[in-house]
Amino acid sequence: MPVGEYVTPDRQFRFLVICPDGDWTLGFDGFPWHTHGSILASLSGKDEETAIDDFVAHLTSGKSIIAVKRIGGSITDVWVTDDPADDALSSQYGPDDETMEFRRWDGSSVEV
């Protein structure tokens, strides 16, 4: 898996795949959420490279759902969600002005 940068078609988000010091790290540029190749491999039962390739392919093909959290109208975190319904419910425990949006890579909205 080469180090890479993937930009959503609407240019709103950049997804980075980097490997500092041999640790594959994947996440949206400028936001705290991230994951690691070793975690993806452990969860999938595949080798790290295949697990990363599959994760990126599912994300960029629109198979995966992206969660976008806003507080006061500003985006505070973006992640690939395994459970959009649970993420939607968790926002009720945040600040009054916290909202959640769900979308696909192409920018299309996902109703939860």
# chains A, B, ... in the order shown; residues from 1 in each chain; ligands from 1
>>> residues_around(residues="Pro84 in chain A", least_positions_apart="3", cutoff="8 Å", atoms="only C-alpha atoms", output="ChimeraX atom specification")
/A:65,67,81,87-88,102,112
>>> residues_around(residues="Phe28 in chain A", least_positions_apart="4", cutoff="8 Å", atoms="only C-alpha atoms", output="PyMOL selection string")
chain A and resi 13-16+32-34+78-79
>>> closest_residue(among="A:Met100, A:Leu59, A:Leu40, A:Leu26", to="Ile75 in chain A", atoms="only C-alpha atoms")
A:Met100
>>> atom_distance(atom1="CA of Ser61 in chain A", atom2="CA of Ser91 in chain A")
26.7 Å
>>> closest_residue(among="A:Gly72, A:Gly37, A:Gly30, A:Gly45", to="Gly94 in chain A", atoms="only C-alpha atoms")
A:Gly72
>>> closest_residue(among="A:Ile18, A:Glu111, A:Arg104, A:Asp23", to="Ala85 in chain A", atoms="only C-alpha atoms")
A:Glu111
>>> atom_distance(atom1="CA of Gly73 in chain A", atom2="CA of Thr99 in chain A")
8.0 Å
>>> select_by_dssp(residues="chain A", states="alpha helix (DSSP H)", output="list in words")
Gly37, Ser38, Ile39, Leu40, Ala41, Ser42, Leu43, Ser44, Glu48, Glu49, Thr50, Ala51, Ile52, Asp53, Asp54, Phe55, Val56, Ala57, His58, Leu59, Thr60, Ser61, Pro84, Ala85, Asp86, Asp87, Ala88, Leu89 and Ser90 of chain A
>>> closest_residue(among="A:Asp47, A:Phe55, A:Val17, A:Thr60", to="Gly107 in chain A", atoms="only C-alpha atoms")
A:Thr60
>>> residues_around(residues="Cys19 in chain A", least_positions_apart="6", cutoff="12 Å", atoms="only C-alpha atoms", output="MDAnalysis selection string")
chainID A and resid 1:4 25:27 35:38 48:49 52
>>> write_last_selection(atoms="all heavy atoms", output="mmCIF file, in the first residue's frame")
data_model
loop_
_atom_site.group_PDB
_atom_site.id
_atom_site.type_symbol
_atom_site.label_atom_id
_atom_site.label_comp_id
_atom_site.auth_asym_id
_atom_site.auth_seq_id
_atom_site.Cartn_x
_atom_site.Cartn_y
_atom_site.Cartn_z
ATOM 1 N N MET A 1 0.854 -1.184 0.000
ATOM 2 C CA MET A 1 0.000 0.000 0.000
ATOM 3 C C MET A 1 0.886 1.228 0.000
ATOM 4 O O MET A 1 1.603 1.468 0.951
ATOM 5 C CB MET A 1 -0.897 -0.028 1.243
ATOM 6 C CG MET A 1 -1.785 1.178 1.384
ATOM 7 S SD MET A 1 -2.859 1.147 -0.008
ATOM 8 C CE MET A 1 -3.942 2.433 0.250
ATOM 9 N N PRO A 2 0.811 1.992 -1.036
ATOM 10 C CA PRO A 2 1.619 3.214 -1.051
ATOM 11 C C PRO A 2 1.013 4.292 -0.149
ATOM 12 O O PRO A 2 -0.191 4.326 0.070
ATOM 13 C CB PRO A 2 1.569 3.647 -2.511
ATOM 14 C CG PRO A 2 0.297 3.076 -3.028
ATOM 15 C CD PRO A 2 0.077 1.797 -2.255
ATOM 16 N N VAL A 3 1.900 5.130 0.353
ATOM 17 C CA VAL A 3 1.427 6.309 1.067
ATOM 18 C C VAL A 3 0.570 7.075 0.071
ATOM 19 O O VAL A 3 0.886 7.152 -1.112
ATOM 20 C CB VAL A 3 2.634 7.156 1.533
ATOM 21 C CG1 VAL A 3 2.184 8.496 2.055
ATOM 22 C CG2 VAL A 3 3.430 6.396 2.585
ATOM 23 N N GLY A 4 -0.558 7.616 0.525
ATOM 24 C CA GLY A 4 -1.426 8.278 -0.440
ATOM 25 C C GLY A 4 -2.292 9.352 0.164
ATOM 26 O O GLY A 4 -2.454 9.454 1.381
ATOM 27 N N THR A 25 -0.924 4.656 9.273
ATOM 28 C CA THR A 25 -1.937 5.477 9.920
ATOM 29 C C THR A 25 -2.836 6.059 8.837
ATOM 30 O O THR A 25 -2.349 6.561 7.822
ATOM 31 C CB THR A 25 -1.267 6.603 10.741
ATOM 32 O OG1 THR A 25 -0.331 6.005 11.651
ATOM 33 C CG2 THR A 25 -2.288 7.398 11.522
ATOM 34 N N LEU A 26 -4.156 5.992 9.069
ATOM 35 C CA LEU A 26 -5.133 6.459 8.092
ATOM 36 C C LEU A 26 -6.111 7.385 8.781
ATOM 37 O O LEU A 26 -6.595 7.075 9.876
ATOM 38 C CB LEU A 26 -5.922 5.283 7.510
ATOM 39 C CG LEU A 26 -5.162 4.172 6.799
ATOM 40 C CD1 LEU A 26 -4.595 3.172 7.782
ATOM 41 C CD2 LEU A 26 -6.081 3.459 5.838
ATOM 42 N N GLY A 27 -6.425 8.514 8.146
ATOM 43 C CA GLY A 27 -7.409 9.424 8.721
ATOM 44 C C GLY A 27 -7.632 10.638 7.839
ATOM 45 O O GLY A 27 -6.921 10.858 6.858
ATOM 46 N N THR A 35 -7.172 5.682 12.255
ATOM 47 C CA THR A 35 -7.023 4.268 12.564
ATOM 48 C C THR A 35 -5.651 3.832 12.095
ATOM 49 O O THR A 35 -4.904 4.612 11.496
ATOM 50 C CB THR A 35 -8.155 3.422 11.943
ATOM 51 O OG1 THR A 35 -8.097 2.096 12.493
ATOM 52 C CG2 THR A 35 -8.081 3.378 10.424
ATOM 53 N N HIS A 36 -5.311 2.593 12.379
ATOM 54 C CA HIS A 36 -3.998 2.060 12.029
ATOM 55 C C HIS A 36 -4.152 0.789 11.207
ATOM 56 O O HIS A 36 -5.110 0.034 11.394
ATOM 57 C CB HIS A 36 -3.190 1.759 13.296
ATOM 58 C CG HIS A 36 -2.900 2.978 14.102
ATOM 59 N ND1 HIS A 36 -1.791 3.758 13.888
ATOM 60 C CD2 HIS A 36 -3.590 3.573 15.102
ATOM 61 C CE1 HIS A 36 -1.798 4.775 14.731
ATOM 62 N NE2 HIS A 36 -2.889 4.687 15.485
ATOM 63 N N GLY A 37 -3.191 0.561 10.339
ATOM 64 C CA GLY A 37 -3.202 -0.638 9.523
ATOM 65 C C GLY A 37 -3.240 -1.904 10.355
ATOM 66 O O GLY A 37 -3.910 -2.873 9.997
ATOM 67 N N SER A 38 -2.543 -1.889 11.480
ATOM 68 C CA SER A 38 -2.527 -3.087 12.339
ATOM 69 C C SER A 38 -3.914 -3.375 12.913
ATOM 70 O O SER A 38 -4.298 -4.544 13.049
ATOM 71 C CB SER A 38 -1.521 -2.910 13.474
ATOM 72 O OG SER A 38 -1.816 -1.751 14.236
ATOM 73 N N GLU A 48 -1.858 -6.665 6.692
ATOM 74 C CA GLU A 48 -2.018 -5.223 6.836
ATOM 75 C C GLU A 48 -2.231 -4.509 5.494
ATOM 76 O O GLU A 48 -3.128 -3.681 5.362
ATOM 77 C CB GLU A 48 -0.782 -4.649 7.553
ATOM 78 C CG GLU A 48 -1.039 -3.378 8.267
ATOM 79 C CD GLU A 48 0.101 -3.002 9.211
ATOM 80 O OE1 GLU A 48 1.080 -3.755 9.361
ATOM 81 O OE2 GLU A 48 -0.019 -1.932 9.792
ATOM 82 N N GLU A 49 -1.429 -4.840 4.503
ATOM 83 C CA GLU A 49 -1.533 -4.177 3.203
ATOM 84 C C GLU A 49 -2.902 -4.416 2.569
ATOM 85 O O GLU A 49 -3.539 -3.483 2.077
ATOM 86 C CB GLU A 49 -0.417 -4.643 2.271
ATOM 87 C CG GLU A 49 -0.391 -3.859 0.977
ATOM 88 C CD GLU A 49 0.825 -4.200 0.127
ATOM 89 O OE1 GLU A 49 1.912 -4.446 0.671
ATOM 90 O OE2 GLU A 49 0.651 -4.207 -1.112
ATOM 91 N N ILE A 52 -5.640 -2.463 4.477
ATOM 92 C CA ILE A 52 -5.603 -1.031 4.145
ATOM 93 C C ILE A 52 -6.184 -0.807 2.754
ATOM 94 O O ILE A 52 -7.010 0.091 2.557
ATOM 95 C CB ILE A 52 -4.168 -0.484 4.245
ATOM 96 C CG1 ILE A 52 -3.706 -0.484 5.697
ATOM 97 C CG2 ILE A 52 -4.083 0.924 3.655
ATOM 98 C CD1 ILE A 52 -2.214 -0.241 5.872
#
>>> atom_distance(atom1="CA of Leu89 in chain A", atom2="CA of Arg70 in chain A")
14.2 Å
>>> select_by_dssp(residues="chain A", states="strand (DSSP E or B)", output="PyMOL selection string")
chain A and resi 4-7+14-18+25-28+34-36+65-71+74-81+98-103+109
>>> write_last_selection(atoms="N, CA and C atoms", output="compact mmCIF listing (two decimals), in the first residue's frame")
# COMPACT_ATOMS: atom_id res chain seq x y z
N GLY A 4 -0.56 7.62 0.53
CA GLY A 4 -1.43 8.28 -0.44
C GLY A 4 -2.29 9.35 0.16
N GLU A 5 -2.82 10.15 -0.72
CA GLU A 5 -3.76 11.21 -0.38
C GLU A 5 -4.96 11.05 -1.31
N TYR A 6 -6.13 11.02 -0.72
CA TYR A 6 -7.36 10.83 -1.47
C TYR A 6 -8.28 12.00 -1.14
N VAL A 7 -8.76 12.70 -2.15
CA VAL A 7 -9.58 13.88 -1.94
C VAL A 7 -10.99 13.60 -2.44
N ARG A 14 -9.79 15.48 2.78
CA ARG A 14 -8.61 14.74 2.30
C ARG A 14 -8.38 13.59 3.25
N PHE A 15 -8.30 12.39 2.71
CA PHE A 15 -8.03 11.20 3.50
C PHE A 15 -6.58 10.82 3.24
N LEU A 16 -5.80 10.68 4.32
CA LEU A 16 -4.39 10.40 4.19
C LEU A 16 -4.05 8.99 4.66
N VAL A 17 -3.16 8.36 3.93
CA VAL A 17 -2.58 7.08 4.32
C VAL A 17 -1.08 7.34 4.43
N ILE A 18 -0.57 7.31 5.65
CA ILE A 18 0.84 7.61 5.89
C ILE A 18 1.48 6.48 6.68
N THR A 25 -0.92 4.66 9.27
CA THR A 25 -1.94 5.48 9.92
C THR A 25 -2.84 6.06 8.84
N LEU A 26 -4.16 5.99 9.07
CA LEU A 26 -5.13 6.46 8.09
C LEU A 26 -6.11 7.39 8.78
N GLY A 27 -6.43 8.51 8.15
CA GLY A 27 -7.41 9.42 8.72
C GLY A 27 -7.63 10.64 7.84
N PHE A 28 -8.62 11.42 8.22
CA PHE A 28 -8.95 12.63 7.49
C PHE A 28 -8.06 13.77 7.96
N HIS A 34 -8.57 8.71 13.62
CA HIS A 34 -7.68 7.97 12.73
C HIS A 34 -7.72 6.49 13.12
N THR A 35 -7.17 5.68 12.26
CA THR A 35 -7.02 4.27 12.56
C THR A 35 -5.65 3.83 12.09
N HIS A 36 -5.31 2.59 12.38
CA HIS A 36 -4.00 2.06 12.03
C HIS A 36 -4.15 0.79 11.21
N ILE A 65 -19.57 4.64 5.05
CA ILE A 65 -20.28 5.87 5.42
C ILE A 65 -19.36 6.74 6.26
N ILE A 66 -19.34 8.01 5.94
CA ILE A 66 -18.52 9.00 6.63
C ILE A 66 -19.41 9.78 7.59
N ALA A 67 -18.98 9.87 8.84
CA ALA A 67 -19.68 10.66 9.86
C ALA A 67 -18.99 12.00 9.97
N VAL A 68 -19.79 13.07 10.04
CA VAL A 68 -19.26 14.43 10.17
C VAL A 68 -19.93 15.07 11.38
N LYS A 69 -19.10 15.40 12.39
CA LYS A 69 -19.63 16.05 13.59
C LYS A 69 -19.36 17.55 13.51
N ARG A 70 -20.42 18.32 13.79
CA ARG A 70 -20.28 19.78 13.85
C ARG A 70 -20.69 20.27 15.23
N ILE A 71 -19.97 21.26 15.71
CA ILE A 71 -20.36 21.96 16.93
C ILE A 71 -20.38 23.44 16.58
N SER A 74 -19.31 24.38 12.98
CA SER A 74 -17.96 24.07 12.51
C SER A 74 -17.69 22.58 12.63
N ILE A 75 -17.06 22.02 11.62
CA ILE A 75 -16.71 20.60 11.64
C ILE A 75 -15.62 20.38 12.68
N THR A 76 -15.86 19.46 13.62
CA THR A 76 -14.88 19.16 14.66
C THR A 76 -14.26 17.78 14.51
N ASP A 77 -14.92 16.87 13.79
CA ASP A 77 -14.34 15.56 13.55
C ASP A 77 -15.02 14.91 12.36
N VAL A 78 -14.29 14.04 11.70
CA VAL A 78 -14.78 13.28 10.55
C VAL A 78 -14.21 11.88 10.68
N TRP A 79 -15.05 10.87 10.49
CA TRP A 79 -14.55 9.50 10.58
C TRP A 79 -15.38 8.56 9.73
N VAL A 80 -14.82 7.38 9.50
CA VAL A 80 -15.54 6.31 8.81
C VAL A 80 -16.26 5.55 9.91
N THR A 81 -17.59 5.50 9.80
CA THR A 81 -18.39 4.91 10.87
C THR A 81 -18.79 3.47 10.57
N GLU A 98 -24.39 20.60 18.89
CA GLU A 98 -23.70 19.53 18.17
C GLU A 98 -24.66 18.85 17.21
N THR A 99 -24.23 18.65 15.98
CA THR A 99 -25.02 17.95 14.98
C THR A 99 -24.16 16.88 14.31
N MET A 100 -24.83 15.89 13.76
CA MET A 100 -24.16 14.83 13.01
C MET A 100 -24.73 14.78 11.60
N GLU A 101 -23.85 14.58 10.65
CA GLU A 101 -24.23 14.36 9.25
C GLU A 101 -23.57 13.07 8.80
N PHE A 102 -24.19 12.43 7.85
CA PHE A 102 -23.62 11.19 7.30
C PHE A 102 -23.63 11.32 5.79
N ARG A 103 -22.54 10.91 5.18
CA ARG A 103 -22.39 11.06 3.74
C ARG A 103 -21.54 9.93 3.19
N SER A 109 -25.72 12.44 0.60
CA SER A 109 -26.16 12.36 1.99
C SER A 109 -26.69 10.96 2.30
>>> closest_residue(among="A:Ser64, A:Ser90, A:Ser44, A:Thr50", to="Ser108 in chain A", atoms="only C-alpha atoms")
A:Ser64
>>> decode(residues="range 50-72 of chain A", atoms="C-alpha atoms", output="compact mmCIF listing (two decimals), in the first residue's frame")
# COMPACT_ATOMS: atom_id res chain seq x y z
CA THR A 50 -4.69 -5.96 2.03
CA ALA A 51 -6.72 -4.60 4.95
CA ILE A 52 -5.60 -1.03 4.14
CA ASP A 53 -6.29 -1.49 0.42
CA ASP A 54 -9.78 -2.81 1.18
CA PHE A 55 -10.54 -0.01 3.67
CA VAL A 56 -9.52 2.70 1.19
CA ALA A 57 -11.38 0.99 -1.67
CA HIS A 58 -14.59 0.76 0.40
CA LEU A 59 -14.24 4.39 1.42
CA THR A 60 -13.53 5.87 -2.01
CA SER A 61 -16.12 3.69 -3.79
CA GLY A 62 -18.89 4.93 -1.49
CA LYS A 63 -19.40 1.61 0.26
CA SER A 64 -18.38 3.13 3.62
CA ILE A 65 -20.28 5.87 5.42
CA ILE A 66 -18.52 9.00 6.63
CA ALA A 67 -19.68 10.66 9.86
CA VAL A 68 -19.26 14.43 10.17
CA LYS A 69 -19.63 16.05 13.59
CA ARG A 70 -20.28 19.78 13.85
CA ILE A 71 -20.36 21.96 16.93
CA GLY A 72 -21.67 25.47 16.45
